[in-house]
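Novice: Below is the file query01.cif, with mmCIF, C-alpha atoms.
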```cif
data_coords
#
loop_
_atom_site.label_atom_id
_atom_site.label_comp_id
_atom_site.auth_asym_id
_atom_site.auth_seq_id
_atom_site.Cartn_x
_atom_site.Cartn_y
_atom_site.Cartn_z
CA MET N 1 35.82 -79.52 137.27
CA PRO N 2 33.84 -78.25 134.25
CA TYR N 3 32.62 -74.67 134.60
CA GLN N 4 29.50 -72.96 133.27
CA LYS N 5 29.94 -69.31 132.26
CA TYR N 6 27.11 -66.80 131.80
CA GLN N 7 27.15 -63.27 130.44
CA ALA N 8 24.28 -60.86 129.76
CA ASP N 9 23.55 -57.17 129.34
CA PHE N 10 23.40 -56.99 133.14
CA VAL N 11 24.05 -59.30 136.07
CA PHE N 12 22.07 -58.61 139.23
CA THR N 13 23.96 -60.18 142.13
CA GLY N 14 21.16 -60.01 144.70
CA TYR N 15 22.57 -56.71 145.97
CA GLU N 16 23.79 -54.70 143.00
CA MET N 17 23.59 -54.49 139.21
CA LEU N 18 26.74 -55.26 137.24
CA ASN N 19 27.23 -54.35 133.59
CA HIS N 20 27.81 -56.54 130.54
CA LYS N 21 31.54 -56.80 131.20
CA HIS N 22 30.98 -59.31 134.00
CA VAL N 23 30.70 -63.09 133.74
CA LEU N 24 29.01 -65.37 136.25
CA ILE N 25 30.84 -68.67 136.73
CA THR N 26 29.30 -71.76 138.34
CA ASP N 27 30.14 -75.44 138.53
CA GLU N 28 28.14 -77.97 136.50
CA LYS N 29 25.52 -78.20 139.29
CA GLY N 30 24.92 -74.46 139.43
CA VAL N 31 26.95 -73.68 142.54
CA VAL N 32 28.43 -70.20 142.25
CA ILE N 33 32.21 -70.05 141.88
CA GLU N 34 32.69 -66.33 141.26
CA ILE N 35 31.85 -63.32 139.12
CA VAL N 36 34.80 -62.09 137.04
CA ASN N 37 35.59 -59.48 134.44
CA GLU N 38 35.02 -60.74 130.91
CA THR N 39 38.77 -60.42 130.22
CA GLU N 40 39.38 -63.13 132.82
CA ALA N 41 36.56 -65.48 131.85
CA GLY N 42 38.22 -67.38 129.04
CA ASP N 43 36.28 -69.27 126.38
CA ASP N 44 32.87 -70.98 126.17
CA VAL N 45 30.88 -68.12 127.68
CA LYS N 46 27.11 -68.35 127.15
CA LYS N 47 25.76 -64.92 126.21
CA PHE N 48 22.22 -63.67 126.74
CA SER N 49 20.19 -60.52 126.18
CA GLY N 50 18.58 -59.26 129.38
CA ILE N 51 19.31 -59.43 133.09
CA LEU N 52 20.69 -62.49 134.85
CA THR N 53 19.36 -62.68 138.41
CA PRO N 54 19.22 -65.22 141.21
CA GLY N 55 15.99 -67.23 141.39
CA PHE N 56 12.98 -65.49 142.88
CA ILE N 57 11.61 -66.06 146.39
CA ASN N 58 7.83 -66.19 146.71
CA CYS N 59 7.30 -65.38 150.37
CA HIS N 60 3.54 -65.84 150.49
CA CYS N 61 1.48 -68.43 148.67
CA HIS N 62 -1.47 -70.76 149.31
CA LEU N 63 -0.54 -73.70 147.09
CA GLU N 64 -3.41 -75.77 148.48
CA LEU N 65 -5.94 -73.32 146.94
CA SER N 66 -4.62 -73.70 143.40
CA HIS N 67 -7.75 -75.56 142.31
CA MET N 68 -9.81 -72.40 142.98
CA LYS N 69 -8.32 -70.40 140.12
CA GLY N 70 -11.01 -68.15 138.62
CA LEU N 71 -13.67 -69.46 140.96
CA ILE N 72 -14.08 -66.30 143.06
CA PRO N 73 -14.99 -63.07 141.26
CA GLU N 74 -12.61 -60.12 141.43
CA LYS N 75 -13.03 -57.16 143.76
CA THR N 76 -15.54 -58.73 146.14
CA GLY N 77 -13.80 -57.27 149.20
CA LEU N 78 -12.04 -59.35 151.83
CA VAL N 79 -15.07 -60.44 153.87
CA ASP N 80 -16.90 -61.98 150.93
CA PHE N 81 -13.65 -63.41 149.55
CA VAL N 82 -12.84 -65.19 152.83
CA PHE N 83 -16.37 -66.55 153.07
CA LYS N 84 -16.19 -67.96 149.53
CA VAL N 85 -12.81 -69.60 150.22
CA VAL N 86 -14.14 -71.25 153.36
CA THR N 87 -17.34 -72.48 151.74
CA GLN N 88 -16.18 -73.30 148.19
CA ARG N 89 -12.72 -74.85 148.63
CA HIS N 90 -13.91 -78.46 148.85
CA PHE N 91 -13.15 -80.31 145.60
CA PRO N 92 -12.32 -83.95 144.84
CA GLU N 93 -8.83 -84.67 146.15
CA GLU N 94 -7.57 -85.79 142.75
CA GLU N 95 -8.42 -82.39 141.25
CA ILE N 96 -6.73 -80.56 144.12
CA LEU N 97 -3.53 -82.61 143.84
CA GLN N 98 -3.31 -82.04 140.10
CA ALA N 99 -3.85 -78.30 140.54
CA ILE N 100 -1.08 -78.23 143.16
CA ALA N 101 1.33 -79.97 140.79
CA ASN N 102 0.40 -77.59 137.95
CA ALA N 103 0.84 -74.55 140.19
CA GLU N 104 4.28 -75.66 141.34
CA LYS N 105 5.30 -76.18 137.71
CA GLU N 106 4.07 -72.66 136.95
CA MET N 107 6.24 -71.25 139.72
CA LEU N 108 9.27 -73.18 138.48
CA ASN N 109 8.69 -71.87 134.96
CA ASN N 110 8.46 -68.34 136.36
CA GLY N 111 11.89 -68.51 137.98
CA ILE N 112 10.73 -69.12 141.56
CA VAL N 113 13.09 -71.26 143.66
CA ALA N 114 11.57 -71.00 147.14
CA VAL N 115 8.10 -70.49 148.60
CA GLY N 116 6.64 -69.45 151.92
CA ASP N 117 3.50 -71.56 151.77
CA ILE N 118 0.40 -71.36 153.96
CA CYS N 119 -0.92 -74.81 154.90
CA ASN N 120 -4.31 -75.68 156.40
CA ASN N 121 -4.05 -79.37 155.52
CA THR N 122 -1.49 -81.87 154.25
CA LEU N 123 -2.59 -81.99 150.60
CA THR N 124 0.63 -80.33 149.40
CA VAL N 125 2.88 -82.89 151.10
CA PRO N 126 3.15 -85.34 148.15
CA GLN N 127 4.29 -82.58 145.79
CA LYS N 128 6.72 -81.09 148.27
CA GLN N 129 8.34 -84.47 148.90
CA LYS N 130 9.66 -84.32 145.33
CA GLY N 131 12.09 -81.57 146.32
CA ASN N 132 11.51 -79.36 143.27
CA LEU N 133 11.41 -76.14 145.32
CA TYR N 134 12.46 -74.97 148.75
CA TYR N 135 9.43 -74.56 151.04
CA TYR N 136 8.95 -72.83 154.33
CA ASN N 137 5.59 -74.28 155.38
CA PHE N 138 3.51 -72.07 157.62
CA ILE N 139 0.96 -74.34 159.29
CA GLU N 140 -1.91 -71.94 159.70
CA VAL N 141 -3.99 -71.78 162.86
CA SER N 142 -7.32 -70.03 163.18
CA GLY N 143 -10.17 -70.03 165.66
CA TRP N 144 -11.91 -66.90 166.86
CA LEU N 145 -14.09 -68.46 169.54
CA PRO N 146 -12.18 -69.06 172.80
CA GLN N 147 -13.96 -72.35 173.45
CA ILE N 148 -12.56 -73.98 170.29
CA ALA N 149 -8.94 -72.92 170.88
CA GLN N 150 -7.70 -76.29 172.13
CA THR N 151 -9.41 -78.23 169.33
CA ARG N 152 -8.08 -75.94 166.62
CA PHE N 153 -4.58 -76.03 168.06
CA GLU N 154 -4.53 -79.82 168.26
CA ARG N 155 -5.70 -80.12 164.65
CA SER N 156 -2.95 -77.80 163.41
CA LYS N 157 -0.38 -79.58 165.57
CA VAL N 158 -1.21 -82.84 163.76
CA PHE N 159 -0.57 -81.10 160.42
CA TYR N 160 2.65 -79.58 161.78
CA ASP N 161 3.92 -83.00 162.84
CA SER N 162 3.07 -84.41 159.41
CA PHE N 163 5.13 -81.72 157.66
CA ASN N 164 8.02 -82.30 160.06
CA GLN N 165 8.17 -85.91 158.85
CA ILE N 166 9.25 -84.69 155.40
CA LYS N 167 11.71 -82.15 156.80
CA SER N 168 14.69 -84.18 155.63
CA SER N 169 13.52 -84.28 152.01
CA LYS N 170 16.62 -82.95 150.25
CA SER N 171 16.91 -80.40 153.09
CA LYS N 172 14.38 -78.22 151.28
CA ILE N 173 11.65 -78.16 153.92
CA GLN N 174 11.24 -75.89 156.95
CA ASN N 175 8.09 -75.66 159.04
CA SER N 176 6.50 -73.42 161.63
CA ILE N 177 3.09 -72.64 163.04
CA ALA N 178 1.48 -69.36 162.00
CA PRO N 179 -1.65 -67.45 163.05
CA HIS N 180 -4.04 -66.71 160.20
CA ALA N 181 -4.95 -63.10 161.06
CA PRO N 182 -5.59 -60.87 164.08
CA TYR N 183 -9.35 -61.20 163.60
CA SER N 184 -9.34 -65.03 163.52
CA VAL N 185 -7.17 -66.01 166.51
CA SER N 186 -8.50 -65.78 170.06
CA GLU N 187 -6.35 -64.90 173.06
CA ASP N 188 -6.67 -68.51 174.23
CA LEU N 189 -5.36 -69.76 170.89
CA TRP N 190 -2.49 -67.25 170.86
CA LYS N 191 -1.30 -68.68 174.20
CA LEU N 192 -1.19 -72.18 172.74
CA ILE N 193 0.78 -71.31 169.60
CA GLU N 194 3.23 -68.72 170.92
CA PRO N 195 5.78 -71.31 172.17
CA PHE N 196 6.04 -72.70 168.63
CA PHE N 197 7.42 -69.39 167.34
CA GLN N 198 10.68 -69.92 169.24
CA ASN N 199 13.68 -69.52 166.88
CA LYS N 200 11.35 -69.70 163.87
CA THR N 201 9.95 -67.50 161.15
CA THR N 202 6.22 -67.06 161.42
CA THR N 203 3.72 -65.02 159.43
CA ILE N 204 0.30 -63.40 159.64
CA HIS N 205 -2.14 -61.74 157.23
CA ASN N 206 -2.07 -58.09 158.26
CA GLN N 207 -4.35 -55.10 157.58
CA GLU N 208 -5.63 -56.48 154.29
CA THR N 209 -8.81 -54.44 154.52
CA VAL N 210 -9.69 -51.09 156.06
CA PHE N 211 -12.33 -52.85 158.18
CA GLU N 212 -9.66 -54.74 160.13
CA ASP N 213 -8.43 -51.70 162.05
CA GLU N 214 -11.98 -50.42 162.42
CA PHE N 215 -12.96 -53.66 164.12
CA PHE N 216 -10.09 -53.59 166.63
CA LYS N 217 -10.53 -49.91 167.36
CA THR N 218 -14.33 -49.79 167.67
CA GLY N 219 -15.74 -53.31 167.32
CA LYS N 220 -17.74 -52.11 164.31
CA GLY N 221 -17.54 -52.37 160.53
CA ASP N 222 -17.85 -55.08 157.92
CA PHE N 223 -16.24 -57.73 160.13
CA GLU N 224 -19.46 -57.76 162.14
CA ARG N 225 -21.15 -58.97 158.97
CA MET N 226 -18.44 -61.61 158.45
CA TYR N 227 -18.98 -63.13 161.89
CA HIS N 228 -22.73 -63.03 161.32
CA ILE N 229 -22.67 -64.87 158.00
CA MET N 230 -20.23 -67.42 159.49
CA LYS N 231 -22.61 -67.84 162.45
CA ILE N 232 -19.93 -66.87 164.98
CA ASP N 233 -21.04 -65.29 168.26
CA ASN N 234 -18.73 -62.32 168.64
CA SER N 235 -20.25 -60.94 171.86
CA PHE N 236 -17.16 -61.83 173.92
CA PHE N 237 -14.90 -59.44 171.95
CA LYS N 238 -13.68 -56.21 173.57
CA PRO N 239 -12.03 -53.69 171.18
CA SER N 240 -8.47 -52.73 172.10
CA GLY N 241 -8.80 -49.20 170.74
CA LYS N 242 -5.62 -49.81 168.72
CA SER N 243 -4.93 -51.03 165.21
CA SER N 244 -4.93 -54.77 164.62
CA VAL N 245 -1.15 -55.10 164.31
CA GLN N 246 -0.54 -53.03 167.44
CA THR N 247 -3.06 -55.19 169.29
CA VAL N 248 -1.37 -58.53 168.52
CA LEU N 249 2.28 -57.49 168.24
CA SER N 250 3.35 -58.68 171.69
CA HIS N 251 2.30 -62.25 170.84
CA PHE N 252 5.30 -62.54 168.52
CA LYS N 253 7.93 -62.00 171.21
CA CYS N 254 9.31 -65.55 170.84
CA ALA N 255 9.69 -65.47 167.05
CA GLU N 256 13.04 -64.96 165.36
CA LYS N 257 11.43 -63.41 162.27
CA VAL N 258 7.90 -62.24 161.50
CA ILE N 259 6.42 -61.76 158.04
CA LEU N 260 3.49 -59.34 157.90
CA VAL N 261 1.57 -60.11 154.72
CA HIS N 262 -0.40 -57.65 152.57
CA ASN N 263 -0.17 -54.50 154.77
CA THR N 264 -2.58 -52.82 152.38
CA PHE N 265 -3.87 -50.41 155.00
CA ILE N 266 -0.92 -50.19 157.39
CA LYS N 267 -0.18 -46.71 158.71
CA GLU N 268 3.04 -44.90 159.52
CA GLU N 269 2.10 -44.96 163.20
CA ASP N 270 1.94 -48.76 163.02
CA ILE N 271 5.43 -49.03 161.59
CA ASN N 272 6.77 -46.60 164.19
CA TYR N 273 5.07 -48.72 166.86
CA ILE N 274 6.72 -51.88 165.48
CA ASN N 275 10.13 -50.19 165.28
CA SER N 276 9.80 -49.03 168.88
CA TYR N 277 8.90 -52.58 169.90
CA LEU N 278 11.93 -53.97 168.03
CA LYS N 279 14.36 -51.77 169.99
CA ASN N 280 13.91 -54.12 172.92
CA ASN N 281 13.60 -57.35 170.92
CA HIS N 282 16.20 -59.07 168.77
CA GLN N 283 13.84 -59.86 165.95
CA GLN N 284 13.40 -59.07 162.29
CA PHE N 285 10.12 -57.99 160.73
CA PHE N 286 9.45 -58.28 157.00
CA TYR N 287 6.64 -56.65 155.03
CA CYS N 288 5.37 -58.92 152.27
CA LEU N 289 3.63 -57.29 149.30
CA CYS N 290 1.09 -59.24 147.23
CA VAL N 291 -0.08 -56.39 145.06
CA ASN N 292 -1.93 -58.39 142.43
CA ALA N 293 -3.97 -60.14 145.12
CA ASN N 294 -4.73 -56.79 146.75
CA SER N 295 -6.03 -55.58 143.42
CA TYR N 296 -7.98 -58.80 142.83
CA ILE N 297 -9.70 -58.77 146.23
CA GLU N 298 -9.89 -55.16 147.47
CA ASN N 299 -8.97 -53.14 144.37
CA ALA N 300 -6.33 -51.43 146.53
CA SER N 301 -2.55 -51.10 146.77
CA PRO N 302 -0.30 -51.05 149.85
CA PRO N 303 1.60 -47.85 150.75
CA ILE N 304 4.83 -49.03 149.17
CA LYS N 305 6.64 -45.70 149.11
CA MET N 306 5.92 -45.18 152.79
CA LEU N 307 7.26 -48.65 153.61
CA GLN N 308 10.37 -47.90 151.60
CA ASN N 309 10.87 -44.46 153.13
CA LEU N 310 10.63 -45.98 156.62
CA ASN N 311 13.36 -48.52 155.73
CA CYS N 312 11.09 -51.54 156.05
CA ASN N 313 12.36 -54.96 154.96
CA ILE N 314 10.19 -55.47 151.89
CA ILE N 315 9.62 -58.88 150.29
CA LEU N 316 7.22 -60.19 147.64
CA GLY N 317 4.54 -62.86 147.38
CA THR N 318 1.90 -64.01 144.93
CA ASP N 319 -0.86 -65.15 147.31
CA SER N 320 -2.99 -67.94 145.80
CA LEU N 321 -4.56 -68.71 142.45
CA ALA N 322 -7.88 -68.08 144.20
CA SER N 323 -6.85 -64.41 144.49
CA ASN N 324 -4.45 -63.89 141.61
CA TRP N 325 -4.27 -64.43 137.87
CA GLY N 326 -0.98 -66.32 138.10
CA LEU N 327 1.98 -67.25 140.29
CA SER N 328 4.74 -64.98 139.01
CA ILE N 329 7.02 -62.74 141.04
CA LEU N 330 7.92 -60.90 137.84
CA ASP N 331 4.24 -60.07 137.35
CA GLU N 332 4.21 -58.66 140.90
CA ILE N 333 7.25 -56.54 140.03
CA LYS N 334 5.54 -55.26 136.89
CA SER N 335 2.43 -54.26 138.81
CA ILE N 336 4.43 -52.50 141.52
CA ARG N 337 6.50 -50.62 138.99
CA ASN N 338 3.45 -49.55 137.02
CA CYS N 339 2.05 -47.93 140.17
CA PHE N 340 5.38 -46.68 141.53
CA PRO N 341 7.60 -45.87 138.52
CA SER N 342 10.27 -44.19 140.64
CA LEU N 343 11.31 -47.55 142.12
CA THR N 344 14.52 -48.85 140.60
CA THR N 345 15.18 -52.26 139.15
CA VAL N 346 17.77 -52.91 141.84
CA GLN N 347 15.30 -52.20 144.64
CA LEU N 348 12.62 -54.42 143.12
CA LEU N 349 14.98 -57.30 142.46
CA GLN N 350 16.41 -57.09 145.97
CA TRP N 351 12.88 -57.56 147.33
CA ALA N 352 12.40 -60.54 145.01
CA THR N 353 15.69 -62.28 145.82
CA ILE N 354 17.97 -61.64 148.79
CA ASN N 355 15.33 -60.04 151.02
CA GLY N 356 13.00 -62.97 150.51
CA ALA N 357 15.80 -65.45 151.14
CA LYS N 358 16.58 -63.71 154.43
CA ALA N 359 12.92 -63.74 155.47
CA LEU N 360 12.68 -67.51 154.91
CA SER N 361 16.10 -68.19 156.48
CA LEU N 362 17.44 -69.42 153.16
CA ASN N 363 20.06 -66.74 152.53
CA ASP N 364 22.86 -69.24 153.13
CA LYS N 365 21.67 -71.08 150.00
CA LEU N 366 19.60 -68.71 147.86
CA GLY N 367 18.99 -65.09 146.99
CA SER N 368 22.38 -63.96 145.65
CA PHE N 369 25.29 -64.89 143.45
CA GLU N 370 27.78 -65.57 146.23
CA LYS N 371 30.41 -68.28 146.30
CA GLY N 372 29.06 -71.62 147.46
CA LYS N 373 25.39 -70.80 146.92
CA LYS N 374 23.13 -72.51 144.40
CA PRO N 375 20.47 -69.79 143.97
CA GLY N 376 19.22 -70.68 140.51
CA ILE N 377 19.90 -68.46 137.51
CA VAL N 378 17.04 -66.62 135.86
CA LEU N 379 17.10 -64.51 132.71
CA ILE N 380 14.71 -61.57 132.54
CA GLU N 381 14.22 -60.45 128.95
CA ASN N 382 13.07 -57.04 127.72
CA LEU N 383 13.73 -55.40 131.08
CA THR N 384 16.09 -52.46 131.31
CA GLN N 385 18.59 -52.05 134.10
CA GLU N 386 17.92 -48.94 136.12
CA GLY N 387 14.81 -46.85 136.44
CA ASN N 388 13.58 -47.47 132.93
CA ILE N 389 10.96 -50.20 132.99
CA THR N 390 8.40 -47.92 131.42
CA PRO N 391 6.29 -49.36 130.14
CA ILE N 392 6.66 -52.89 131.48
CA SER N 393 5.18 -54.75 128.57
CA THR N 394 3.62 -58.19 128.59
CA ALA N 395 6.56 -59.21 126.43
CA THR N 396 8.78 -59.16 129.51
CA THR N 397 9.56 -62.80 130.23
CA VAL N 398 11.51 -64.99 132.61
CA LYS N 399 13.62 -67.96 131.58
CA ASN N 400 15.44 -70.43 133.77
CA VAL N 401 19.02 -70.48 132.52
CA LEU N 402 19.97 -73.28 134.87
#
```
Translate the structure of the given file into structure tokens.

Specialist:
Amino acid sequence: MPYQKYQADFVFTGYEMLNHKHVLITDEKGVVIEIVNETEAGDDVKKFSGILTPGFINCHCHLELSHMKGLIPEKTGLVDFVFKVVTQRHFPEEEILQAIANAEKEMLNNGIVAVGDICNNTLTVPQKQKGNLYYYNFIEVSGWLPQIAQTRFERSKVFYDSFNQIKSSKSKIQNSIAPHAPYSVSEDLWKLIEPFFQNKTTTIHNQETVFEDEFFKTGKGDFERMYHIMKIDNSFFKPSGKSSVQTVLSHFKCAEKVILVHNTFIKEEDINYINSYLKNNHQQFFYCLCVNANSYIENASPPIKMLQNLNCNIILGTDSLASNWGLSILDEIKSIRNCFPSLTTVQLLQWATINGAKALSLNDKLGSFEKGKKPGIVLIENLTQEGNITPISTATTVKNVL
């Protein structure tokens, strides 16, 4: 069996950073054989400058919105952003399909090997059938008015069934149903979708704007304007007096894993509430950061140091091209590090690789250089090993080695 041998300034395994004296060995298809000392590697070692890392996991994306790149102005705030997505997303199908293909190619070029993708239609199916990336498809359900719950559920169930038909495509497809956000799913709709969380990963947009908690605590704030401009009668709603995530948390009791996305305005009391809830539930919660999208929409950043200090399972996402300048996990890492320079390279790369693989139930295949896995091999250039990515220049690049 012919071997491929790779050596660089550093090798990040998914868990730890190894120095230049280590060599990564794979078979000709990229399946990891082992990591050995350079004295044991023999000849024909390919040498690189930079860090070799497993492929990146993009845990939150909206591939179907790729045609909206640059369409929505920056820093509009969430309410106006959501309204523009809802009202301006309708393009000719041919343009949408081409944008989807281009966006997937961009992710591949940026070292991404798996994606947690939000789906409100089946337009991404043709591209996903090609098997270029692993996808965990989150078929999104929304419907704030109780009287439309059954109709909205049935529509999403049709999409869910369509995605399940491509599940066998190179074993790279997983699917589940996911609520859009606390403020867009009625109690009636929650009851219909909860059974579909069983033994699955699901996800929800969480506390992306300060007005979200205000709405659930008092019934007031900018969300009142959102329902008004969308012509939604919100008179039935009764505030819980708690934050949004505390209000809806019990609905996830059937899920194996839950990805909370954005968390821009999550509080320590919310995380303590979740941790208390988890003591009686055998579940895993992951906190997905999409910092460039938070900057694009709300001009805000999530409390990353607090999440880290409270031992949260942190993962990374890009959100969509409607809310971001590109689809690059490395760009997300750069932005995080620029705001939080004390974070180490190891921590950031763990979030981008093994943590994401665990969140999407792909850690048996991806996320680390462990024997038998085929995680992809990515070279990060111009990036130092530990605590020294200052400044992170635009010259920092990603290359797919394999």

Novice: Once the PyMOL selection byres ((chain N and resi 235) around 12) has been evaluated on this model, what residues remain selected, and can you format them as a PyMOL selection string?

Specialist: chain N and resi 144-146+219-220+224+227-228+231-234+236-239

Novice: Using all atoms listed in the file, determine which residues lie at most 9 Å from N:Ala149, disregarding the query and same-chain residues fewer than 4 positions distant; provide the list as a VMD selection string.

Specialist: chain N and resid 142 to 145 153 to 154 185 to 190 192

Novice: Hey, what comes out of the PyMOL selection byres ((chain N and resi 156) around 12) on this file? Could you write it as a PyMOL selection string?

Specialist: chain N and resi 118-122+138-143+149-155+157-163+176-180+189+192-193+196

Novice: List as a list in words the protein and nucleic acid residues near N:Asp44, meaning an atom at most 12 Å away when all atoms listed in the file are counted, but skip any in the same chain fewer than 6 places from it.

Specialist: Pro2, Tyr3, Gln4, Lys5, Tyr6, Gln7, Val23, Ile25 and Glu38 of chain N

Novice: For the file shown, what are the residues hit by the PyMOL selection byres ((chain N and resi 303-305) around 10), laid out as a list in words?

Specialist: Asn263, Thr264, Phe265, Ile266, Lys267, Glu268, Tyr287, Leu289, Val291, Ala300, Ser301, Pro302, Met306, Leu307, Gln308, Asn309, Leu310, Asn311, Cys312, Ile314, Ile336, Cys339, Phe340, Ser342 and Leu343 of chain N

Novice: Just how far from atom CA of N:Ala293 is atom CA of N:Ser323, in Å to one decimal?

Specialist: 5.2 Å

Novice: Which residue, N:Tyr296, N:Asp331, N:Val346, N:Ala352, has the smallest gap to N:Glu16 when you use only C-alpha atoms?

Specialist: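 Closest to N:Glu16 of all the choices is N:Val346.
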
Novice: Could you state the separation of atom CA of N:Thr87 and atom CA of N:Met230 in Å, given to one decimal place?

Specialist: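 A separation of 9.7 Å between them.
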